[in-house]
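> Here you go, this is structure07.json (JSON, C-alpha atoms and all ligand atoms).
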[["chain", "number", "residue", "atom", "x", "y", "z"],
["A", 1, "MET", "CA", 17.49, 3.36, -25.57],
["A", 2, "VAL", "CA", 15.49, 0.14, -25.57],
["A", 3, "LEU", "CA", 15.48, -1.71, -22.23],
["A", 4, "TYR", "CA", 13.91, -5.16, -22.10],
["A", 5, "PHE", "CA", 12.99, -7.79, -19.57],
["A", 6, "SER", "CA", 12.06, -11.20, -20.94],
["A", 7, "GLY", "CA", 11.32, -14.63, -19.50],
["A", 8, "THR", "CA", 10.87, -16.73, -22.62],
["A", 9, "GLY", "CA", 12.21, -14.53, -25.40],
["A", 10, "ASN", "CA", 9.08, -12.72, -26.63],
["A", 11, "SER", "CA", 9.93, -9.29, -25.27],
["A", 12, "ARG", "CA", 13.56, -9.76, -26.18],
["A", 13, "TYR", "CA", 12.53, -10.45, -29.77],
["A", 14, "VAL", "CA", 10.31, -7.35, -29.93],
["A", 15, "ALA", "CA", 13.00, -5.20, -28.30],
["A", 16, "GLY", "CA", 15.59, -6.48, -30.76],
["A", 17, "ILE", "CA", 13.50, -5.53, -33.80],
["A", 18, "LEU", "CA", 12.65, -2.15, -32.31],
["A", 19, "SER", "CA", 16.24, -1.27, -31.48],
["A", 20, "LYS", "CA", 17.31, -2.14, -35.03],
["A", 21, "LEU", "CA", 14.53, -0.10, -36.63],
["A", 22, "CYS", "CA", 15.16, 2.88, -34.35],
["A", 23, "GLY", "CA", 18.95, 2.53, -34.57],
["A", 24, "ASP", "CA", 18.96, 2.58, -30.79],
["A", 25, "ARG", "CA", 20.93, 0.76, -28.10],
["A", 26, "LEU", "CA", 19.57, -2.41, -26.53],
["A", 27, "VAL", "CA", 19.87, -3.05, -22.78],
["A", 28, "SER", "CA", 19.00, -6.35, -21.15],
["A", 29, "ILE", "CA", 17.27, -5.81, -17.80],
["A", 30, "ASN", "CA", 17.69, -9.56, -17.14],
["A", 31, "ARG", "CA", 21.41, -9.29, -17.49],
["A", 32, "THR", "CA", 21.66, -6.07, -15.49],
["A", 33, "MET", "CA", 19.61, -7.62, -12.66],
["A", 34, "ARG", "CA", 21.80, -10.71, -12.66],
["A", 35, "GLU", "CA", 24.93, -8.56, -12.44],
["A", 36, "ARG", "CA", 23.45, -6.64, -9.52],
["A", 37, "LYS", "CA", 22.64, -9.85, -7.66],
["A", 38, "LEU", "CA", 26.04, -11.38, -8.31],
["A", 39, "ASP", "CA", 27.97, -8.29, -7.22],
["A", 40, "PRO", "CA", 26.94, -7.25, -3.71],
["A", 41, "TYR", "CA", 28.63, -3.87, -4.17],
["A", 42, "ASN", "CA", 26.46, -3.04, -7.17],
["A", 43, "ALA", "CA", 24.23, -0.13, -6.26],
["A", 44, "ALA", "CA", 21.64, 1.56, -8.46],
["A", 45, "TYR", "CA", 22.33, 2.12, -12.13],
["A", 46, "SER", "CA", 21.94, 5.11, -14.37],
["A", 47, "PHE", "CA", 20.96, 4.99, -18.01],
["A", 48, "GLN", "CA", 21.75, 7.84, -20.34],
["A", 49, "SER", "CA", 20.10, 8.52, -23.67],
["A", 50, "ASP", "CA", 19.34, 11.56, -25.79],
["A", 51, "GLY", "CA", 16.46, 9.72, -27.45],
["A", 52, "PRO", "CA", 13.42, 8.34, -25.62],
["A", 53, "PHE", "CA", 13.66, 5.37, -23.27],
["A", 54, "VAL", "CA", 11.54, 2.42, -24.42],
["A", 55, "VAL", "CA", 10.76, -0.32, -21.89],
["A", 56, "VAL", "CA", 9.77, -3.67, -23.42],
["A", 57, "CYS", "CA", 8.49, -6.39, -21.09],
["A", 58, "PRO", "CA", 5.77, -9.03, -20.71],
["A", 59, "THR", "CA", 2.36, -8.34, -19.21],
["A", 60, "TYR", "CA", 1.85, -10.00, -15.81],
["A", 61, "CYS", "CA", -1.71, -10.03, -14.56],
["A", 62, "TRP", "CA", -2.65, -6.98, -16.66],
["A", 63, "HIS", "CA", 0.23, -5.00, -15.16],
["A", 64, "ILE", "CA", 3.91, -4.24, -15.64],
["A", 65, "PRO", "CA", 5.71, -7.11, -13.83],
["A", 66, "ARG", "CA", 6.58, -6.06, -10.29],
["A", 67, "VAL", "CA", 10.17, -7.03, -10.88],
["A", 68, "VAL", "CA", 10.39, -4.55, -13.79],
["A", 69, "GLU", "CA", 8.65, -1.86, -11.77],
["A", 70, "ALA", "CA", 11.19, -2.32, -8.95],
["A", 71, "PHE", "CA", 14.07, -2.23, -11.43],
["A", 72, "LEU", "CA", 12.86, 1.03, -13.00],
["A", 73, "LEU", "CA", 12.22, 2.71, -9.67],
["A", 74, "ASP", "CA", 15.70, 1.70, -8.58],
["A", 75, "SER", "CA", 17.36, 3.24, -11.64],
["A", 76, "ARG", "CA", 18.16, 6.75, -12.76],
["A", 77, "PHE", "CA", 17.40, 8.01, -16.26],
["A", 78, "VAL", "CA", 19.57, 10.78, -17.60],
["A", 79, "GLY", "CA", 19.02, 12.78, -20.81],
["A", 80, "SER", "CA", 15.66, 12.32, -22.50],
["A", 81, "ARG", "CA", 12.59, 12.64, -20.24],
["A", 82, "GLN", "CA", 10.37, 10.59, -22.57],
["A", 83, "MET", "CA", 9.49, 6.99, -21.68],
["A", 84, "TYR", "CA", 7.50, 4.55, -23.84],
["A", 85, "PHE", "CA", 6.31, 1.07, -22.87],
["A", 86, "LEU", "CA", 5.79, -1.90, -25.20],
["A", 87, "LEU", "CA", 4.11, -4.79, -23.40],
["A", 88, "THR", "CA", 4.09, -8.20, -25.01],
["A", 89, "CYS", "CA", 1.04, -10.20, -24.01],
["A", 90, "GLY", "CA", -0.79, -13.45, -24.70],
["A", 91, "SER", "CA", -4.20, -11.79, -24.99],
["A", 92, "GLY", "CA", -4.73, -8.50, -23.14],
["A", 93, "THR", "CA", -3.16, -5.87, -20.92],
["A", 94, "GLY", "CA", -6.09, -4.48, -18.92],
["A", 95, "GLN", "CA", -5.12, -1.06, -17.64],
["A", 96, "ALA", "CA", -1.36, -1.62, -17.70],
["A", 97, "ALA", "CA", -1.03, 1.86, -19.24],
["A", 98, "ALA", "CA", -2.27, 3.39, -15.98],
["A", 99, "HIS", "CA", 0.36, 1.38, -14.09],
["A", 100, "ALA", "CA", 3.08, 2.56, -16.50],
["A", 101, "GLY", "CA", 1.89, 6.15, -16.06],
["A", 102, "GLN", "CA", 2.21, 5.84, -12.27],
["A", 103, "ILE", "CA", 5.76, 4.51, -12.62],
["A", 104, "CYS", "CA", 6.67, 7.45, -14.88],
["A", 105, "ARG", "CA", 5.26, 9.93, -12.39],
["A", 106, "LYS", "CA", 7.40, 8.43, -9.63],
["A", 107, "LEU", "CA", 10.45, 8.62, -11.90],
["A", 108, "GLU", "CA", 9.55, 12.17, -12.95],
["A", 109, "MET", "CA", 9.55, 11.01, -16.58],
["A", 110, "GLU", "CA", 7.07, 12.00, -19.26],
["A", 111, "PHE", "CA", 4.81, 9.01, -20.05],
["A", 112, "SER", "CA", 4.69, 8.78, -23.85],
["A", 113, "GLY", "CA", 2.23, 5.90, -23.96],
["A", 114, "LEU", "CA", 2.00, 2.12, -23.87],
["A", 115, "ALA", "CA", 1.26, -0.26, -26.72],
["A", 116, "SER", "CA", 0.72, -3.97, -26.41],
["A", 117, "VAL", "CA", 2.09, -6.48, -28.86],
["A", 118, "ARG", "CA", 0.40, -9.87, -28.92],
["A", 119, "MET", "CA", 2.97, -12.68, -28.80],
["A", 120, "PRO", "CA", 2.58, -16.41, -28.03],
["A", 121, "GLU", "CA", 1.25, -17.17, -24.53],
["A", 122, "ASN", "CA", 4.12, -18.41, -22.37],
["A", 123, "TYR", "CA", 2.40, -18.90, -19.01],
["A", 124, "ILE", "CA", 2.27, -22.68, -18.94],
["A", 125, "CYS", "CA", 2.08, -22.82, -15.14],
["A", 126, "LEU", "CA", -1.51, -21.62, -15.60],
["A", 127, "PHE", "CA", -2.51, -21.68, -19.29],
["A", 128, "ARG", "CA", -1.49, -23.37, -22.53],
["A", 129, "ALA", "CA", 1.07, -22.24, -25.08],
["A", 130, "PRO", "CA", 0.09, -22.26, -28.77],
["A", 131, "ASP", "CA", 1.53, -24.87, -31.12],
["A", 132, "ALA", "CA", 4.44, -23.95, -33.40],
["A", 133, "ASP", "CA", 2.29, -23.07, -36.45],
["A", 134, "GLU", "CA", 0.06, -20.75, -34.45],
["A", 135, "ALA", "CA", 3.07, -19.21, -32.71],
["A", 136, "VAL", "CA", 4.75, -18.43, -36.06],
["A", 137, "GLY", "CA", 1.60, -16.62, -37.26],
["A", 138, "ILE", "CA", 1.38, -14.57, -34.08],
["A", 139, "ILE", "CA", 5.06, -13.62, -34.26],
["A", 140, "ARG", "CA", 4.75, -12.52, -37.91],
["A", 141, "ALA", "CA", 1.84, -10.22, -37.07],
["A", 142, "ALA", "CA", 3.80, -8.84, -34.11],
["A", 143, "LYS", "CA", 6.76, -7.94, -36.34],
["A", 144, "THR", "CA", 4.53, -5.86, -38.61],
["A", 145, "GLN", "CA", 3.03, -4.12, -35.60],
["A", 146, "VAL", "CA", 6.46, -3.28, -34.18],
["A", 147, "GLU", "CA", 7.48, -1.77, -37.52],
["A", 148, "THR", "CA", 4.51, 0.62, -37.31],
["A", 149, "LEU", "CA", 5.24, 1.42, -33.66],
["A", 150, "SER", "CA", 8.90, 2.17, -34.40],
["A", 151, "GLY", "CA", 7.80, 4.89, -36.85],
["A", 152, "GLN", "CA", 5.58, 6.47, -34.20],
["A", 153, "ILE", "CA", 8.35, 6.34, -31.60],
["A", 154, "LEU", "CA", 10.94, 7.77, -33.99],
["A", 155, "SER", "CA", 8.65, 10.71, -34.70],
["A", 156, "GLY", "CA", 8.09, 11.26, -30.97],
["A", 157, "LYS", "CA", 4.34, 10.62, -31.22],
["A", 158, "PRO", "CA", 2.39, 9.16, -28.29],
["A", 159, "ILE", "CA", 1.38, 5.50, -28.66],
["A", 160, "ARG", "CA", -1.82, 3.77, -27.52],
["A", 161, "ASP", "CA", -2.83, 0.33, -26.27],
["A", 162, "SER", "CA", -5.17, -1.46, -28.66],
["A", 163, "ASN", "CA", -5.54, -4.44, -26.28],
["A", 164, "ALA", "CA", -6.57, -2.45, -23.20],
["A", 165, "GLY", "CA", -9.39, -3.81, -21.07],
["A", 166, "PRO", "CA", -10.97, -3.17, -17.69],
["A", 167, "ALA", "CA", -8.83, -2.35, -14.67],
["A", 168, "MET", "CA", -7.91, -5.22, -12.37],
["A", 169, "PRO", "CA", -9.20, -4.74, -8.80],
["A", 170, "GLU", "CA", -6.24, -4.18, -6.50],
["A", 171, "LEU", "CA", -7.27, -7.06, -4.23],
["A", 172, "LEU", "CA", -7.32, -9.55, -7.13],
["A", 173, "TYR", "CA", -3.91, -8.35, -8.28],
["A", 174, "ARG", "CA", -2.44, -8.85, -4.82],
["A", 175, "GLN", "CA", -4.05, -12.31, -4.57],
["A", 176, "PHE", "CA", -2.51, -13.25, -7.92],
["A", 177, "TYR", "CA", 0.97, -12.49, -6.65],
["A", 178, "ARG", "CA", 0.33, -14.25, -3.35],
["A", 179, "HIS", "CA", -1.06, -17.48, -4.82],
["A", 180, "PHE", "CA", 0.67, -17.84, -8.18],
["A", 181, "VAL", "CA", 3.93, -15.89, -8.21],
["A", 182, "HIS", "CA", 6.21, -18.16, -6.20],
["A", 183, "ASP", "CA", 8.53, -21.12, -6.73],
["A", 184, "ARG", "CA", 7.14, -23.47, -4.07],
["A", 185, "ARG", "CA", 5.64, -25.93, -6.54],
["A", 186, "PHE", "CA", 8.61, -26.43, -8.82],
["A", 187, "THR", "CA", 9.81, -30.02, -8.91],
["A", 188, "VAL", "CA", 12.46, -31.81, -10.96],
["A", 189, "LYS", "CA", 12.07, -35.16, -12.67],
["A", 190, "ASP", "CA", 14.72, -37.84, -13.13],
["A", 191, "SER", "CA", 15.23, -36.69, -16.73],
["A", 192, "CYS", "CA", 17.15, -33.67, -15.33],
["A", 193, "THR", "CA", 20.73, -33.90, -16.61],
["A", 194, "GLY", "CA", 22.04, -31.21, -14.23],
["A", 195, "CYS", "CA", 23.04, -29.01, -17.20],
["A", 196, "GLY", "CA", 22.25, -25.81, -15.26],
["A", 197, "THR", "CA", 20.37, -24.08, -18.11],
["A", 198, "CYS", "CA", 17.63, -23.12, -15.66],
["A", 199, "ALA", "CA", 20.08, -21.60, -13.17],
["A", 200, "GLY", "CA", 21.94, -19.75, -15.93],
["A", 201, "LEU", "CA", 18.76, -18.14, -17.26],
["A", 202, "CYS", "CA", 17.06, -17.10, -14.02],
["A", 203, "PRO", "CA", 17.10, -13.29, -14.04],
["A", 204, "LEU", "CA", 16.85, -13.19, -10.25],
["A", 205, "VAL", "CA", 19.68, -15.68, -9.65],
["A", 206, "ASN", "CA", 17.09, -17.62, -7.66],
["A", 207, "ILE", "CA", 18.19, -21.09, -8.78],
["A", 208, "SER", "CA", 21.28, -22.84, -7.50],
["A", 209, "MET", "CA", 22.52, -26.28, -8.49],
["A", 210, "LEU", "CA", 22.82, -28.66, -5.56],
["A", 211, "HIS", "CA", 24.14, -32.18, -6.20],
["A", 212, "GLY", "CA", 23.42, -31.64, -9.89],
["A", 213, "ARG", "CA", 19.80, -30.59, -9.37],
["A", 214, "PRO", "CA", 18.19, -27.12, -9.40],
["A", 215, "VAL", "CA", 16.99, -25.71, -6.10],
["A", 216, "TRP", "CA", 14.76, -22.62, -6.01],
["A", 217, "GLY", "CA", 15.53, -19.99, -3.38],
["A", 218, "GLY", "CA", 12.15, -18.36, -2.77],
["A", 219, "ASN", "CA", 12.55, -15.22, -4.89],
["A", 220, "CYS", "CA", 10.72, -16.08, -8.09],
["A", 221, "THR", "CA", 8.83, -13.86, -10.53],
["A", 222, "GLN", "CA", 7.34, -16.78, -12.52],
["A", 223, "CYS", "CA", 9.00, -15.63, -15.74],
["A", 224, "GLN", "CA", 8.81, -19.25, -17.03],
["A", 225, "ALA", "CA", 12.42, -19.25, -18.24],
["A", 226, "CYS", "CA", 13.49, -22.28, -16.17],
["A", 227, "ILE", "CA", 10.52, -24.51, -16.89],
["A", 228, "ALA", "CA", 10.32, -23.53, -20.56],
["A", 229, "ALA", "CA", 13.99, -23.67, -21.52],
["A", 230, "CYS", "CA", 14.84, -26.97, -19.80],
["A", 231, "PRO", "CA", 16.23, -29.13, -22.64],
["A", 232, "THR", "CA", 14.67, -32.32, -21.22],
["A", 233, "ASP", "CA", 11.37, -30.81, -19.95],
["A", 234, "ALA", "CA", 12.39, -32.05, -16.51],
["A", 235, "ILE", "CA", 10.82, -29.18, -14.56],
["A", 236, "GLU", "CA", 7.16, -29.20, -13.49],
["A", 237, "PHE", "CA", 5.06, -26.74, -11.52],
["A", 238, "GLY", "CA", 2.96, -29.09, -9.44],
["A", 239, "ARG", "CA", 0.31, -30.68, -11.61],
["A", 240, "ARG", "CA", -0.46, -27.48, -13.49],
["A", 241, "SER", "CA", 2.30, -27.84, -16.07],
["A", 242, "ARG", "CA", 2.06, -31.60, -16.60],
["A", 243, "GLY", "CA", 1.64, -32.72, -20.21],
["A", 244, "LYS", "CA", 1.76, -29.12, -21.49],
["A", 245, "ARG", "CA", 3.84, -27.91, -24.41],
["A", 246, "ARG", "CA", 6.70, -25.67, -23.29],
["A", 247, "TYR", "CA", 7.16, -22.35, -25.06],
["A", 248, "TYR", "CA", 10.55, -20.65, -25.26],
["A", 249, "LEU", "CA", 11.05, -18.56, -28.39],
["A", 250, "TYR", "CA", 14.73, -19.09, -28.98],
["A", 251, "ALA", "CA", 14.80, -22.79, -28.09],
["A", 252, "SER", "CA", 11.80, -23.72, -30.20],
["A", 253, "GLY", "CA", 13.42, -23.48, -33.60],
["A", 254, "LEU", "CA", 11.11, -20.52, -34.32],
["A", 255, "GLN", "CA", 14.02, -18.12, -33.98],
["A", 256, "LYS", "CA", 17.77, -18.49, -33.72],
["A", 257, "PHE", "CA", 19.07, -17.50, -30.31],
["A", 258, "PRO", "CA", 20.77, -14.11, -30.72],
["A", 259, "PRO", "CA", 23.64, -13.28, -28.38],
["A", 260, "GLU", "CA", 22.97, -10.98, -25.43],
["A", 261, "PRO", "CA", 24.15, -7.43, -26.20],
["A", 262, "SER", "CA", 27.87, -7.67, -25.50],
["A", 263, "GLN", "CA", 28.52, -4.29, -23.92],
["A", 264, "PRO", "CA", 26.56, -3.40, -20.82],
["A", 265, "GLU", "CA", 24.82, -0.15, -21.70],
["A", 266, "HIS", "CA", 24.54, 1.17, -18.20],
["A", 267, "PHE", "CA", 27.08, 2.83, -16.03],
["A", 268, "ARG", "CA", 27.36, 2.54, -12.33],
["A", 269, "ASP", "CA", 25.86, 5.32, -10.28],
["A", 270, "ASN", "CA", 28.43, 6.21, -7.67],
["A", 301, "LIG", "C1", 3.17, -14.63, -14.53],
["A", 301, "LIG", "C2", 2.59, -14.33, -15.88],
["A", 301, "LIG", "C3", 1.45, -13.52, -15.98],
["A", 301, "LIG", "C4", 0.91, -13.23, -17.24],
["A", 301, "LIG", "N1", -0.17, -12.41, -17.32],
["A", 301, "LIG", "C5", -0.65, -12.07, -18.55],
["A", 301, "LIG", "C6", -1.75, -11.14, -18.67],
["A", 301, "LIG", "O1", -2.27, -10.60, -17.70],
["A", 301, "LIG", "N2", -2.24, -10.88, -19.91],
["A", 301, "LIG", "C7", -1.70, -11.45, -21.05],
["A", 301, "LIG", "O2", -2.18, -11.19, -22.14],
["A", 301, "LIG", "N3", -0.62, -12.29, -20.97],
["A", 301, "LIG", "C8", -0.10, -12.61, -19.75],
["A", 301, "LIG", "N4", 0.99, -13.45, -19.67],
["A", 301, "LIG", "C9", 1.64, -13.90, -20.93],
["A", 301, "LIG", "C10", 2.90, -13.09, -21.27],
["A", 301, "LIG", "O3", 2.71, -11.73, -20.96],
["A", 301, "LIG", "C11", 3.30, -13.20, -22.74],
["A", 301, "LIG", "O4", 3.34, -14.51, -23.20],
["A", 301, "LIG", "C12", 4.63, -12.49, -22.96],
["A", 301, "LIG", "O5", 4.79, -12.28, -24.34],
["A", 301, "LIG", "C13", 5.84, -13.24, -22.44],
["A", 301, "LIG", "O6", 6.97, -12.49, -22.72],
["A", 301, "LIG", "P1", 8.47, -12.95, -22.42],
["A", 301, "LIG", "O7", 8.72, -14.19, -23.24],
["A", 301, "LIG", "O8", 9.30, -11.82, -22.89],
["A", 301, "LIG", "O9", 8.60, -13.19, -20.97],
["A", 301, "LIG", "C14", 1.53, -13.76, -18.42],
["A", 301, "LIG", "C15", 2.66, -14.57, -18.30],
["A", 301, "LIG", "C16", 3.19, -14.84, -17.05],
["A", 301, "LIG", "C17", 4.42, -15.71, -16.98]]
Kindly return the structure encoded in the file as structure tokens.
Ligand SMILES: Cc1cc2nc3c(=O)[nH]c(=O)nc-3n(C[C@H](O)[C@H](O)[C@H](O)COP(=O)(O)O)c2cc1C

Amino acid sequence: MVLYFSGTGNSRYVAGILSKLCGDRLVSINRTMRERKLDPYNAAYSFQSDGPFVVVCPTYCWHIPRVVEAFLLDSRFVGSRQMYFLLTCGSGTGQAAAHAGQICRKLEMEFSGLASVRMPENYICLFRAPDADEAVGIIRAAKTQVETLSGQILSGKPIRDSNAGPAMPELLYRQFYRHFVHDRRFTVKDSCTGCGTCAGLCPLVNISMLHGRPVWGGNCTQCQACIAACPTDAIEFGRRSRGKRRYYLYASGLQKFPPEPSQPEHFRDN
């Protein structure tokens, strides 16, 4: 079973290819989280698979995103005890494999390794996204890499991170979340049409539309979906995002937007 979390489509793209190559089911963590938020009676979920579980998500500050960590620790995995991680990244993953290993230990799963797949940088609240030509080249290389990884996963072999780097000091990691992972600087320009794309995409249901304008509710993971997918580029993050190219894989013409998997692949844990 391939479970993915994705802000701007990169991890979703990688997960989609992998699930096809492995003939495995695809589960959207975004969608599952949204369902949990929208239904107050939704408790933890269980996922059942005879084959390994593969978690595909972006790298945040050389770690698994906290929101994905919380989701995994809140879920139950039935069947296979093997868990792989594929982290999409703009440049490097630090010691994300150690983080993934810790999560597996807490879940009592066998950590089968982490590999990183370089995809276009999406973090425009801090950095710059590549132009379309560069992005296409990066995505092509990623596809080839995922094909190799799918073979390793299908044969049950451990996988390794070729982009690993030094470990991030815990203090720096905590400071990153404190100073950068919030929604306090989001503003909306007059070009906002009130279409609600931002609110519809937010995996944490953190955006509500008030008088035709998005309002952020204070529970943001900085996935970049709202700012990147806005059809009129009406959202800014203070001055940091001004004048920067937005990157959203399925809105950029680089890929056609595939539908979300239609059947939820989880069942409720009573
Ligand atoms: C909050 C945040 C932190 C990020 N930190 C890293 C990082 O530490 N290393 C890296 O290579 N890329 C980093 N990135 C870039 C993303 O990991 C990368 O573009 C990823 O493919 C985005 O995937 P998605 O479209 O599925 O969300 C970061 C992006 C965001 C939004």
> I'd like a table as a tab-separated table: residues in chain A with an atom no more than 6 Å from ligand LIG 301 (chain A), each row giving the shortest atom pair and its distance in Å to one decimal, all atoms listed in the file counted, sorted by chain and rising residue number.

residue	atom	partner	partner_atom	distance
A:Ser6	CA	A:LIG301	O8	3.4
A:Gly7	CA	A:LIG301	O9	3.4
A:Thr8	CA	A:LIG301	O7	3.4
A:Gly9	CA	A:LIG301	O7	4.1
A:Asn10	CA	A:LIG301	O7	3.7
A:Ser11	CA	A:LIG301	O8	3.5
A:Arg12	CA	A:LIG301	O8	5.8
A:Cys57	CA	A:LIG301	O8	5.8
A:Pro58	CA	A:LIG301	O3	4.1
A:Thr59	CA	A:LIG301	O3	3.8
A:Tyr60	CA	A:LIG301	N1	3.5
A:Cys61	CA	A:LIG301	O1	3.2
A:Trp62	CA	A:LIG301	O1	3.8
A:Thr88	CA	A:LIG301	O5	4.2
A:Cys89	CA	A:LIG301	O3	3.8
A:Gly90	CA	A:LIG301	O2	3.7
A:Ser91	CA	A:LIG301	O2	3.5
A:Gly92	CA	A:LIG301	O2	3.8
A:Thr93	CA	A:LIG301	N2	5.2
A:Met119	CA	A:LIG301	O5	4.8
A:Pro120	CA	A:LIG301	O4	5.2
A:Glu121	CA	A:LIG301	O4	3.6
A:Asn122	CA	A:LIG301	O4	4.1
A:Tyr123	CA	A:LIG301	C17	4.3
A:Gln222	CA	A:LIG301	C1	5.1
A:Cys223	CA	A:LIG301	C17	4.7
A:Gln224	CA	A:LIG301	C17	5.6
> Report the closest atom pair, with its distance in Å rounded to one decimal, for each residue of range 99-149 of chain A that has an atom no farther than 12 Å from range 168-192 of chain A; count all atoms listed in the file, sort by chain and then rising residue number, and write it as JSON lines.

{"residue": "A:His99", "atom": "CA", "partner": "A:Met168", "partner_atom": "CA", "distance": 10.7}
{"residue": "A:Tyr123", "atom": "CA", "partner": "A:Phe180", "partner_atom": "CA", "distance": 11.0}
{"residue": "A:Ile124", "atom": "CA", "partner": "A:Phe180", "partner_atom": "CA", "distance": 11.9}
{"residue": "A:Cys125", "atom": "CA", "partner": "A:Phe180", "partner_atom": "CA", "distance": 8.7}
{"residue": "A:Leu126", "atom": "CA", "partner": "A:Phe180", "partner_atom": "CA", "distance": 8.6}
> Could you name the residues that touch range 141-151 of chain A at 8 Å or less, counting all atoms listed in the file, but leaving out those on the same chain fewer than 6 positions away, as a list in words?
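Non-adjacent residues within range: Val14, Ile17, Leu18, Leu21, Cys22, Val117, Arg118, Met119 and Ile159 of chain A.
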> Would you work out the distance separating CA of Arg105 in chain A from CA of Phe5 in chain A, expressed in Å to one decimal?
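Separating CA of Arg105 in chain A from CA of Phe5 in chain A is a distance of 20.6 Å.
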> Report the distance between CA of Cys195 in chain A and CA of Trp216 in chain A in Å, rounded to one decimal place.
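CA of Cys195 in chain A sits 15.3 Å away from CA of Trp216 in chain A.
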> Taking only C-alpha atoms into account, which of A:Pro214, A:Pro166, A:Ser49, A:Ala70 comes nearest Ala98 in chain A?
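Once distances to Ala98 in chain A are computed over only C-alpha atoms, the minimum belongs to A:Pro166.
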> Hey, what's within 10 Å of Gly212 in chain A if we count only C-alpha atoms and toss same-chain stuff fewer than 3 positions away? As JSON, numbers by chain, please?
{"A": [192, 193, 194, 195, 196, 208, 209, 215]}
> Which is closer to Val27 in chain A than all the others in A:Val54, A:Asp39, A:Ala167, A:Ile139, using only C-alpha atoms?
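Under the stated criterion, the closest residue is A:Val54.
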> Hey, can you check how far CA of Ser241 in chain A sits from CA of Cys226 in chain A?
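So the answer is 12.5 Å.
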> From the block I gave, I'd like range 122-143 of chain A written with C-alpha atoms, as a PDB file, in the first residue's frame.

ATOM      1  CA  ASN A 122       8.231  24.081  -3.937  1.00  0.00           C
ATOM      2  CA  TYR A 123       9.073  26.142  -0.850  1.00  0.00           C
ATOM      3  CA  ILE A 124       8.506  29.604  -2.257  1.00  0.00           C
ATOM      4  CA  CYS A 125       7.843  31.126   1.168  1.00  0.00           C
ATOM      5  CA  LEU A 126      11.602  30.771   1.686  1.00  0.00           C
ATOM      6  CA  PHE A 127      13.343  29.764  -1.561  1.00  0.00           C
ATOM      7  CA  ARG A 128      12.763  29.882  -5.311  1.00  0.00           C
ATOM      8  CA  ALA A 129      11.054  27.324  -7.513  1.00  0.00           C
ATOM      9  CA  PRO A 130      12.789  26.273 -10.753  1.00  0.00           C
ATOM     10  CA  ASP A 131      11.441  27.433 -14.109  1.00  0.00           C
ATOM     11  CA  ALA A 132       9.307  25.067 -16.193  1.00  0.00           C
ATOM     12  CA  ASP A 133      12.188  23.725 -18.340  1.00  0.00           C
ATOM     13  CA  GLU A 134      14.315  22.903 -15.323  1.00  0.00           C
ATOM     14  CA  ALA A 135      11.324  21.385 -13.525  1.00  0.00           C
ATOM     15  CA  VAL A 136      10.582  19.071 -16.475  1.00  0.00           C
ATOM     16  CA  GLY A 137      14.189  17.802 -16.446  1.00  0.00           C
ATOM     17  CA  ILE A 138      14.080  17.137 -12.714  1.00  0.00           C
ATOM     18  CA  ILE A 139      10.754  15.304 -12.979  1.00  0.00           C
ATOM     19  CA  ARG A 140      12.043  13.089 -15.831  1.00  0.00           C
ATOM     20  CA  ALA A 141      15.062  12.042 -13.779  1.00  0.00           C
ATOM     21  CA  ALA A 142      12.789  11.363 -10.796  1.00  0.00           C
ATOM     22  CA  LYS A 143      10.597   9.027 -12.854  1.00  0.00           C
TER      23      LYS A 143
END
